[in-house]
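Colleague: Structure file target.tsv (TSV, C-alpha atoms) right here:
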chain	number	residue	atom	x	y	z
A	160	MET	CA	0.00	0.00	0.00
A	161	ALA	CA	1.45	3.39	-1.03
A	162	ASP	CA	2.24	5.90	1.69
A	163	LYS	CA	-0.21	8.75	2.06
A	164	LYS	CA	1.00	11.77	0.13
A	165	ARG	CA	2.39	14.37	2.48
A	166	THR	CA	0.77	17.79	2.32
A	167	ASN	CA	2.34	21.24	2.56
A	168	GLU	CA	0.85	21.46	6.05
A	169	ASP	CA	2.65	18.25	7.04
A	170	GLN	CA	5.96	19.68	5.81
A	171	ILE	CA	5.53	22.92	7.75
A	172	PHE	CA	4.56	21.03	10.89
A	173	ASP	CA	7.73	18.95	10.56
A	174	GLN	CA	9.80	22.15	10.34
A	175	LEU	CA	8.12	23.61	13.40
A	176	ASN	CA	8.48	20.38	15.34
A	177	LYS	CA	12.24	20.36	14.77
A	178	ALA	CA	12.48	23.96	15.95
A	179	TYR	CA	10.31	23.15	18.98
A	180	LYS	CA	12.63	20.32	20.03
A	181	ARG	CA	15.67	22.60	19.75
A	182	ASN	CA	14.06	25.46	21.66
A	183	ASN	CA	15.18	25.77	25.29
A	184	THR	CA	14.12	29.36	25.91
A	185	LYS	CA	10.89	30.66	27.48
A	186	SER	CA	8.85	28.88	30.13
A	187	PHE	CA	7.28	25.50	29.45
A	188	VAL	CA	3.81	27.05	29.12
A	189	THR	CA	5.02	29.82	26.80
A	190	GLN	CA	6.94	27.31	24.66
A	191	ASN	CA	3.79	25.26	24.15
A	192	ASP	CA	1.62	28.30	23.46
A	193	TYR	CA	4.06	29.73	20.92
A	194	TYR	CA	4.38	26.35	19.20
A	195	LYS	CA	0.59	26.10	18.96
A	196	TYR	CA	0.28	29.63	17.55
A	197	ALA	CA	3.01	28.98	14.97
A	198	LYS	CA	1.23	25.80	13.86
A	199	MET	CA	-2.01	27.75	13.41
A	200	MET	CA	-0.20	30.20	11.14
A	201	GLY	CA	1.56	27.36	9.33
A	202	SER	CA	-1.76	25.65	8.63
A	203	PHE	CA	-3.30	28.89	7.35
A	204	TYR	CA	-0.26	29.60	5.17
A	205	ALA	CA	-0.24	26.09	3.67
A	206	LYS	CA	-3.97	25.96	2.96
A	207	ASN	CA	-4.47	29.51	1.68
A	208	PHE	CA	-1.16	30.22	-0.06
A	209	ASN	CA	0.11	26.73	-0.85
A	210	GLY	CA	3.13	27.55	1.34
A	211	GLN	CA	5.75	24.90	2.00
A	212	LYS	CA	8.31	26.63	4.24
A	213	PHE	CA	7.50	28.55	7.39
A	214	VAL	CA	10.50	30.86	6.86
A	215	ASN	CA	8.98	32.06	3.57
A	216	ILE	CA	6.10	33.79	5.34
A	217	SER	CA	5.95	37.47	4.45
A	218	GLY	CA	3.91	40.54	5.33
A	219	LYS	CA	1.06	39.74	2.95
A	220	HIS	CA	0.58	36.33	4.55
A	221	LEU	CA	0.57	37.80	8.05
A	222	ARG	CA	-1.92	40.51	7.01
A	223	ALA	CA	-4.25	37.88	5.54
A	224	TYR	CA	-4.02	35.85	8.77
A	225	VAL	CA	-4.82	38.92	10.89
A	226	GLU	CA	-7.87	39.67	8.73
A	227	ASP	CA	-8.99	36.07	9.20
A	228	MET	CA	-8.65	36.40	12.98
A	229	LYS	CA	-10.62	39.66	12.92
A	230	GLN	CA	-13.40	37.99	10.92
A	231	LYS	CA	-13.58	35.33	13.64
A	232	GLY	CA	-14.00	38.04	16.27
A	233	LEU	CA	-10.80	37.35	18.21
A	234	ALA	CA	-9.84	39.93	20.80
A	235	PRO	CA	-6.79	42.16	20.15
A	236	THR	CA	-4.98	40.56	23.10
A	237	THR	CA	-5.52	37.09	21.62
A	238	MET	CA	-4.26	38.22	18.23
A	239	ARG	CA	-1.19	39.86	19.76
A	240	ALA	CA	-0.36	36.68	21.67
A	241	ARG	CA	-0.63	34.59	18.50
A	242	LEU	CA	1.53	37.01	16.55
A	243	SER	CA	4.19	36.85	19.27
A	244	GLY	CA	4.39	33.09	18.84
A	245	ILE	CA	4.56	33.38	15.06
A	246	ARG	CA	7.35	35.97	15.18
A	247	PHE	CA	9.27	33.93	17.74
A	248	TYR	CA	9.34	30.79	15.58
A	249	TYR	CA	9.97	32.77	12.42
A	250	GLU	CA	13.04	34.31	14.03
A	251	ILE	CA	14.56	31.15	15.56
A	252	MET	CA	14.01	29.29	12.27
A	253	GLY	CA	15.99	31.91	10.36
A	254	GLY	CA	13.27	33.87	8.56
A	255	LYS	CA	14.73	36.77	6.57
A	256	ASN	CA	11.66	38.84	5.64
A	257	ARG	CA	10.81	41.88	7.72
A	258	LEU	CA	7.40	41.16	9.18
A	259	PRO	CA	5.06	44.12	9.82
A	260	ASP	CA	4.55	45.21	13.42
A	261	ASN	CA	1.19	45.14	15.18
A	262	GLU	CA	0.42	48.77	14.42
A	263	SER	CA	1.03	48.21	10.70
A	264	LEU	CA	-1.32	45.24	10.83
A	265	GLY	CA	-4.12	47.47	12.08
A	266	LEU	CA	-4.52	45.86	15.47
A	267	ASP	CA	-6.68	47.87	17.82
A	268	LYS	CA	-5.16	48.82	21.11
A	269	ARG	CA	-6.37	46.78	24.02
A	270	ARG	CA	-9.60	48.29	25.29
A	271	LEU	CA	-9.64	46.68	28.72
A	272	GLY	CA	-12.73	47.79	30.55
A	273	LYS	CA	-13.87	50.16	27.77
A	274	GLU	CA	-16.54	47.82	26.33
A	275	ASP	CA	-19.32	45.72	27.81
A	276	ARG	CA	-18.77	42.20	26.48
A	277	ALA	CA	-21.67	40.62	28.40
A	278	TRP	CA	-24.17	38.50	26.50
A	279	LEU	CA	-27.81	39.57	26.49
A	280	LYS	CA	-30.38	37.23	28.05
A	281	GLU	CA	-31.92	36.46	24.67
A	282	GLU	CA	-28.49	35.58	23.29
A	283	ILE	CA	-27.92	33.08	26.08
A	284	ALA	CA	-31.34	31.56	25.42
A	285	GLY	CA	-30.61	31.43	21.69
A	286	GLY	CA	-27.23	29.80	22.20
A	287	LEU	CA	-28.77	27.15	24.44
A	288	VAL	CA	-31.54	26.34	21.95
A	289	LEU	CA	-29.12	26.10	19.02
A	290	SER	CA	-26.52	23.99	20.82
A	291	GLU	CA	-29.19	21.56	22.04
A	292	LYS	CA	-30.61	21.38	18.52
A	293	HIS	CA	-27.12	20.47	17.25
A	294	GLY	CA	-26.79	17.80	19.92
A	295	ARG	CA	-23.82	19.68	21.38
A	296	MET	CA	-24.48	19.27	25.07
A	297	ASP	CA	-20.87	20.24	25.75
A	298	VAL	CA	-21.61	23.66	24.27
A	299	TYR	CA	-24.97	23.79	26.05
A	300	TYR	CA	-23.46	23.19	29.48
A	301	SER	CA	-20.47	25.47	28.83
A	302	ILE	CA	-22.84	28.35	28.11
A	303	LYS	CA	-24.75	27.58	31.30
A	304	LEU	CA	-21.60	27.26	33.42
A	305	GLY	CA	-20.21	30.52	32.05
A	306	ALA	CA	-23.41	32.47	32.68
A	307	THR	CA	-24.29	30.89	36.03
A	308	PHE	CA	-20.86	30.44	37.66
A	309	GLY	CA	-18.60	32.74	35.63
A	310	LEU	CA	-16.38	29.88	34.44
A	311	ARG	CA	-13.77	30.36	31.73
A	312	ARG	CA	-13.94	28.05	28.72
A	313	ILE	CA	-10.96	25.98	29.96
A	314	GLU	CA	-12.58	25.72	33.41
A	315	CYS	CA	-15.75	24.30	31.88
A	316	CYS	CA	-13.64	21.70	30.08
A	317	ARG	CA	-11.94	20.65	33.35
A	318	ILE	CA	-15.10	20.08	35.38
A	319	ARG	CA	-15.27	16.49	36.65
A	320	LEU	CA	-18.18	14.67	38.22
A	321	ASP	CA	-16.52	14.81	41.65
A	322	CYS	CA	-16.49	18.65	41.39
A	323	ILE	CA	-20.28	18.57	41.00
A	324	GLU	CA	-20.73	16.04	43.79
A	325	ARG	CA	-18.72	18.20	46.24
A	326	ALA	CA	-20.56	21.35	45.15
A	327	LEU	CA	-23.92	19.73	45.89
A	328	ARG	CA	-22.63	18.55	49.26
A	329	TYR	CA	-20.87	21.73	50.44
A	330	ASP	CA	-22.55	24.52	48.39
A	331	GLU	CA	-19.24	25.53	46.80
A	332	LEU	CA	-18.06	24.79	43.28
A	333	THR	CA	-14.26	24.45	43.25
A	334	VAL	CA	-12.58	24.97	39.88
A	335	LYS	CA	-9.03	25.00	38.59
A	336	GLY	CA	-8.37	28.33	36.88
A	337	LYS	CA	-5.51	30.30	35.37
A	338	GLY	CA	-2.05	29.24	36.42
A	339	GLY	CA	-3.48	26.20	38.19
A	340	GLN	CA	-5.06	28.39	40.87
A	341	ARG	CA	-8.16	26.96	42.49
A	342	ARG	CA	-11.10	28.99	43.68
A	343	ALA	CA	-14.38	28.17	45.39
A	344	ILE	CA	-17.53	29.75	43.96
A	345	PRO	CA	-20.43	29.95	46.44
A	346	VAL	CA	-23.59	28.13	45.37
A	347	VAL	CA	-26.33	30.52	46.49
A	348	THR	CA	-28.92	30.94	43.73
A	349	ARG	CA	-31.63	28.58	42.58
A	350	ASP	CA	-30.22	28.62	39.03
A	351	GLN	CA	-26.84	27.47	40.32
A	352	LYS	CA	-28.30	24.59	42.34
A	353	GLU	CA	-30.54	23.49	39.47
A	354	LEU	CA	-27.60	23.50	37.05
A	355	LEU	CA	-25.51	21.35	39.41
A	356	ILE	CA	-28.33	18.80	39.68
A	357	GLU	CA	-28.75	18.87	35.90
A	358	LEU	CA	-25.02	18.25	35.38
A	359	TYR	CA	-25.01	15.45	37.96
A	360	ASN	CA	-27.93	13.70	36.25
A	361	PHE	CA	-26.30	14.18	32.82
A	362	ALA	CA	-23.08	12.59	34.08
A	363	LYS	CA	-24.88	9.66	35.67
A	364	LYS	CA	-26.97	9.11	32.54
A	365	ASN	CA	-23.71	8.83	30.59
A	366	LYS	CA	-22.29	6.44	33.22
A	367	LEU	CA	-19.37	8.72	34.11
A	368	GLN	CA	-17.16	7.97	37.12
A	369	SER	CA	-16.31	10.55	39.77
A	370	MET	CA	-12.89	11.47	38.33
A	371	GLU	CA	-14.07	11.71	34.72
A	372	TYR	CA	-14.67	14.95	32.81
A	373	ILE	CA	-18.29	15.84	32.18
A	374	ILE	CA	-17.99	17.56	28.79
A	375	SER	CA	-14.41	16.81	27.68
A	376	PRO	CA	-13.24	13.48	26.22
A	377	ASN	CA	-11.56	11.45	28.93
A	378	GLY	CA	-8.04	10.66	27.84
A	379	LYS	CA	-4.83	12.38	26.81
A	380	GLY	CA	-5.47	15.75	25.18
A	381	GLY	CA	-9.19	15.64	25.90
A	382	VAL	CA	-9.41	19.04	27.59
A	383	LYS	CA	-7.34	20.74	24.89
A	384	HIS	CA	-9.45	19.17	22.14
A	385	GLU	CA	-12.68	20.22	23.84
A	386	LYS	CA	-11.50	23.81	24.34
A	387	GLU	CA	-10.72	24.12	20.63
A	388	SER	CA	-14.02	22.47	19.69
A	389	LEU	CA	-15.97	24.99	21.76
A	390	GLU	CA	-14.14	27.89	20.11
A	391	ASN	CA	-14.80	26.47	16.64
A	392	TRP	CA	-18.51	26.09	17.38
A	393	MET	CA	-18.72	29.67	18.61
A	394	THR	CA	-16.94	31.02	15.53
A	395	ALA	CA	-19.21	29.08	13.18
A	396	HIS	CA	-22.58	29.73	14.86
A	397	ARG	CA	-22.62	32.88	17.03
A	398	ASP	CA	-24.11	34.98	14.23
A	399	LYS	CA	-27.23	32.78	14.43
A	400	PHE	CA	-28.11	33.93	17.97
A	401	THR	CA	-26.40	37.30	18.28
A	402	VAL	CA	-28.99	40.07	18.64
A	403	GLN	CA	-28.94	42.27	15.54
A	404	ASN	CA	-27.41	45.68	16.12
A	405	ARG	CA	-26.66	44.71	19.72
A	406	THR	CA	-24.53	47.84	20.12
A	407	ALA	CA	-27.77	49.86	20.02
A	408	GLN	CA	-28.83	48.14	23.28
A	409	THR	CA	-26.41	50.39	25.22
A	410	LYS	CA	-28.17	52.50	27.84
A	411	PRO	CA	-27.13	55.99	28.98
A	412	GLY	CA	-24.22	55.83	31.42
A	413	GLU	CA	-23.14	52.39	30.19
A	414	LYS	CA	-20.11	51.28	28.22
A	415	PRO	CA	-20.71	50.51	24.52
A	416	LYS	CA	-21.57	46.87	23.93
A	417	LYS	CA	-19.06	44.77	22.01
A	418	ASP	CA	-20.43	43.79	18.61
A	419	VAL	CA	-19.06	40.21	18.61
A	420	LEU	CA	-19.94	37.53	21.16
A	421	THR	CA	-17.09	35.58	22.79
A	422	TRP	CA	-17.00	32.88	25.43
A	423	HIS	CA	-15.47	35.39	27.83
A	424	GLY	CA	-18.58	37.53	27.54
A	425	LEU	CA	-20.41	34.97	29.69
A	426	ARG	CA	-18.06	35.86	32.56
A	427	TYR	CA	-19.12	39.48	32.09
A	428	TYR	CA	-22.76	38.43	32.32
A	429	TYR	CA	-22.08	36.48	35.51
A	430	ALA	CA	-20.02	39.30	37.07
A	431	GLN	CA	-22.73	41.87	36.47
A	432	ASN	CA	-25.42	39.67	37.97
A	433	GLU	CA	-23.27	38.59	40.91
A	434	TYR	CA	-22.29	42.16	41.76
A	435	LYS	CA	-25.93	43.27	41.60
A	436	ARG	CA	-27.01	40.38	43.84
A	437	LEU	CA	-24.35	41.23	46.41
A	438	LYS	CA	-24.97	44.97	46.29
A	439	ASP	CA	-28.78	44.68	46.46
A	440	GLY	CA	-28.43	42.17	49.29
A	441	GLY	CA	-26.42	44.64	51.38
A	442	PHE	CA	-23.28	42.49	51.44
A	443	TYR	CA	-20.06	44.05	52.69
A	444	LYS	CA	-17.60	44.97	49.90
A	445	PRO	CA	-19.63	43.52	46.99
A	446	LYS	CA	-16.92	44.26	44.41
A	447	HIS	CA	-14.38	42.38	46.49
A	448	LYS	CA	-16.66	39.34	46.80
A	449	ALA	CA	-17.49	39.41	43.08
A	450	SER	CA	-13.77	39.58	42.29
A	451	GLU	CA	-13.04	36.55	44.46
A	452	ALA	CA	-15.76	34.55	42.70
A	453	LEU	CA	-14.19	35.46	39.35
A	454	GLY	CA	-10.76	34.39	40.59
A	455	HIS	CA	-9.08	37.79	40.28
A	456	HIS	CA	-8.56	38.72	43.96
A	457	ARG	CA	-8.52	42.40	42.93
A	458	PRO	CA	-11.74	44.37	43.51
A	459	ASP	CA	-10.78	47.05	40.97
A	460	ILE	CA	-10.81	44.42	38.20
A	461	THR	CA	-14.55	44.00	38.82
A	462	ASN	CA	-15.06	47.43	37.23
A	463	THR	CA	-13.78	45.97	33.96
A	464	TYR	CA	-16.72	43.55	33.90
A	465	LEU	CA	-19.48	45.94	34.90
A	466	ALA	CA	-21.68	47.65	32.32
A	467	GLU	CA	-21.61	51.05	34.02
A	468	LYS	CA	-18.96	53.58	33.05
A	469	PRO	CA	-16.70	54.28	36.02
A	470	VAL	CA	-17.38	57.60	37.69
A	471	ARG	CA	-14.28	59.62	38.48
A	472	LYS	CA	-14.31	61.22	41.87
A	473	ARG	CA	-13.46	64.90	41.88
A	474	LYS	CA	-10.60	65.97	44.08
A	475	GLN	CA	-11.71	68.10	46.97
Would you mind writing the file's structure down as structure tokens?
Modeller:
Amino acid sequence: MADKKRTNEDQIFDQLNKAYKRNNTKSFVTQNDYYKYAKMMGSFYAKNFNGQKFVNISGKHLRAYVEDMKQKGLAPTTMRARLSGIRFYYEIMGGKNRLPDNESLGLDKRRLGKEDRAWLKEEIAGGLVLSEKHGRMDVYYSIKLGATFGLRRIECCRIRLDCIERALRYDELTVKGKGGQRRAIPVVTRDQKELLIELYNFAKKNKLQSMEYIISPNGKGGVKHEKESLENWMTAHRDKFTVQNRTAQTKPGEKPKKDVLTWHGLRYYYAQNEYKRLKDGGFYKPKHKASEALGHHRPDITNTYLAEKPVRKRKQ
């Protein structure tokens, strides 16, 4: 039987793999991230430009890739991170072309806290209906976990049955977040308790064991695969449930609403509701408590997630 013909993408991946094995700079996490970002660019270059060598990438290829990322609604910070990985591998592999900088590529400056990225209620409902219609219960429960507990996409992928069992027993959902940090999210609302019961029943129906993931494939690379699958679904289908002209929904005194839905916008939705619950309930330092639930440990970061424009206090 003849060997399968190797594609341009295969050749580029081989080149990157050799460079990855030789690379002993950067932290382990950064090395892996940069390698992943370079492979994304390599795949795009091979499929769209019939490229065969990573070091032959030029400005026009990078500009096309940036436009593709913009079309997919990626945040400027995400695009900058990917470009860093691409430039790193291009340099260590001996690329000779002068690649355009971020400003030349038309990347917007990071607008941290300047936009309200929260989903609208009807968008959450629409996303749930569509994902269930597609039979994508992993998407369905990730939307619910993001909106109800403020979980990041990777945190949804890491939820195991034992996490749900402990949350039902102790009224705290413990998750593993950024940098391996763990945080406990109080279970206080009816929606939270109902979701935990729903997840528990879903896991039992699928005969999952306590240490098995609920939405991710159980096995090597399962969480990574699931995270990418969720992002791909969002990119392909968000236009179907995004409220038309959602930016017009902005009320006086509020930040302008972001025009593209992202998974992270569910954390904004959760933060706004959690802060309101704490504030209306007369809790002490509501921004601090909301920040802890989000896993930031910095009350001022909560302002980034709120819809209201921050009011500057005049100096006396």
Colleague: Using all atoms listed in the file, determine which residues lie at most 8 Å from A:Ile245, disregarding the query and same-chain residues fewer than 5 positions distant; provide the list as a short mmCIF file (atom, residue, chain, number, x, y, z; two decimals) with C-alpha atoms, in the frame of the given file.
Modeller:
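The file below, around-v2.cif, is the result:
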data_model
loop_
_atom_site.label_atom_id
_atom_site.label_comp_id
_atom_site.auth_asym_id
_atom_site.auth_seq_id
_atom_site.Cartn_x
_atom_site.Cartn_y
_atom_site.Cartn_z
CA TYR A 193 4.06 29.73 20.92
CA TYR A 196 0.28 29.63 17.55
CA ALA A 197 3.01 28.98 14.97
CA MET A 200 -0.20 30.20 11.14
#
Colleague: Kindly give the distance, in Å, that separates atom CA of A:Leu310 and atom CA of A:Ile344, rounded to a single decimal.
Modeller: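 The value is 9.6 Å.
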Colleague: So which residues touch A:His423 within 12 Å, counting only C-alpha atoms, skipping near sequence neighbours fewer than 3 positions away, as a PyMOL selection string?
Modeller: chain A and resi 232-234+237+275-278+301-302+304-306+309-315+390+393+417+419-420+426-430+453+464
Colleague: Which residue out of A:Asn432, A:Asn215, A:Thr307, A:Asn404 has the minimum interatomic distance to A:Glu353 when all atoms listed in the file are used?
Modeller: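 Of A:Asn432, A:Asn215, A:Thr307, A:Asn404, the one nearest A:Glu353, counting all atoms listed in the file, is A:Thr307.
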Colleague: Pick the closest to A:Ala395 from A:Lys231, A:Lys383, A:Lys185, A:Lys364: which is it, counting only C-alpha atoms?
Modeller: A:Lys231
Colleague: As an exercise, work out the distance from atom CA of A:Glu250 to atom CA of A:Gln190 in Å and give it to one decimal place.
Modeller: 14.1 Å
Colleague: One decimal, in Å: what's the spacing between atom CA of A:Tyr248 and atom CA of A:Glu226?
Modeller: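 Interatomic distance, atom CA of A:Tyr248 to atom CA of A:Glu226: 20.5 Å.
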Colleague: With only C-alpha atoms as the basis for distance, which of A:Lys273, A:Lys280, A:Met252, A:Glu451 is at the shortest distance from A:Leu175?
Modeller: A:Met252
Colleague: Please provide the set of residues having any atom within 12 Å of A:Arg246, restricted to only C-alpha atoms, with same-chain residues fewer than 5 positions apart removed, written as a CSV table (one decimal) with C-alpha atoms, keeping the file's coordinate frame.
Modeller:
chain,number,residue,atom,x,y,z
A,193,TYR,CA,4.1,29.7,20.9
A,194,TYR,CA,4.4,26.4,19.2
A,196,TYR,CA,0.3,29.6,17.6
A,197,ALA,CA,3.0,29.0,15.0
A,198,LYS,CA,1.2,25.8,13.9
A,200,MET,CA,-0.2,30.2,11.1
A,201,GLY,CA,1.6,27.4,9.3
A,213,PHE,CA,7.5,28.6,7.4
A,214,VAL,CA,10.5,30.9,6.9
A,216,ILE,CA,6.1,33.8,5.3
A,217,SER,CA,6.0,37.5,4.4
A,218,GLY,CA,3.9,40.5,5.3
A,221,LEU,CA,0.6,37.8,8.0
A,239,ARG,CA,-1.2,39.9,19.8
A,240,ALA,CA,-0.4,36.7,21.7
A,241,ARG,CA,-0.6,34.6,18.5
A,251,ILE,CA,14.6,31.2,15.6
A,252,MET,CA,14.0,29.3,12.3
A,253,GLY,CA,16.0,31.9,10.4
A,254,GLY,CA,13.3,33.9,8.6
A,255,LYS,CA,14.7,36.8,6.6
A,256,ASN,CA,11.7,38.8,5.6
A,257,ARG,CA,10.8,41.9,7.7
A,258,LEU,CA,7.4,41.2,9.2
A,259,PRO,CA,5.1,44.1,9.8
A,260,ASP,CA,4.6,45.2,13.4
A,261,ASN,CA,1.2,45.1,15.2
Colleague: Return the single residue from A:Tyr204, A:Tyr443, A:Leu465, A:Glu324 that is closest to A:Ser369, with distances computed using all atoms listed in the file.
Modeller: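 Closest residue, counting all atoms listed in the file: A:Glu324.
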Colleague: Find the spatial neighbours of A:Val402, counting all atoms listed in the file, within a cut-off of 9 Å - ignore same-chain residues fewer than 4 positions away - and output them as a ChimeraX atom specification.
Modeller: /A:279,281-282,398
Colleague: Give as a VMD selection string the set of residues within 12 Å of the point (-23.1, 10.3, 35.5), where distances use the file's coordinates and only C-alpha atoms.
Modeller: chain A and resid 319 to 321 323 to 324 355 to 374
Colleague: Which residue is closest to A:Thr394? Choose from A:Ser375, A:Thr461, A:Thr421, A:Gln211 and count only C-alpha atoms.
Modeller: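 Checking each candidate against A:Thr394, we get A:Thr421 as the closest.
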Colleague: Give me the residues within 9 Å of A:Asn209 as a JSON list (two decimals) with C-alpha atoms, keeping the file's coordinate frame, counting all atoms listed in the file and dropping any in the same chain fewer than 4 places off.
Modeller:
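And here is the file that came out, around.json:
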[["chain", "number", "residue", "atom", "x", "y", "z"],
["A", 167, "ASN", "CA", 2.34, 21.24, 2.56],
["A", 168, "GLU", "CA", 0.85, 21.46, 6.05],
["A", 204, "TYR", "CA", -0.26, 29.60, 5.17],
["A", 205, "ALA", "CA", -0.24, 26.09, 3.67]]
Colleague: Calculated over only C-alpha atoms, which of the candidates A:Leu287, A:Leu332, A:Val188, A:Leu266 has the smallest distance to A:Lys399?
Modeller: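 Looking at the shortest contact to A:Lys399, the residue is A:Leu287.
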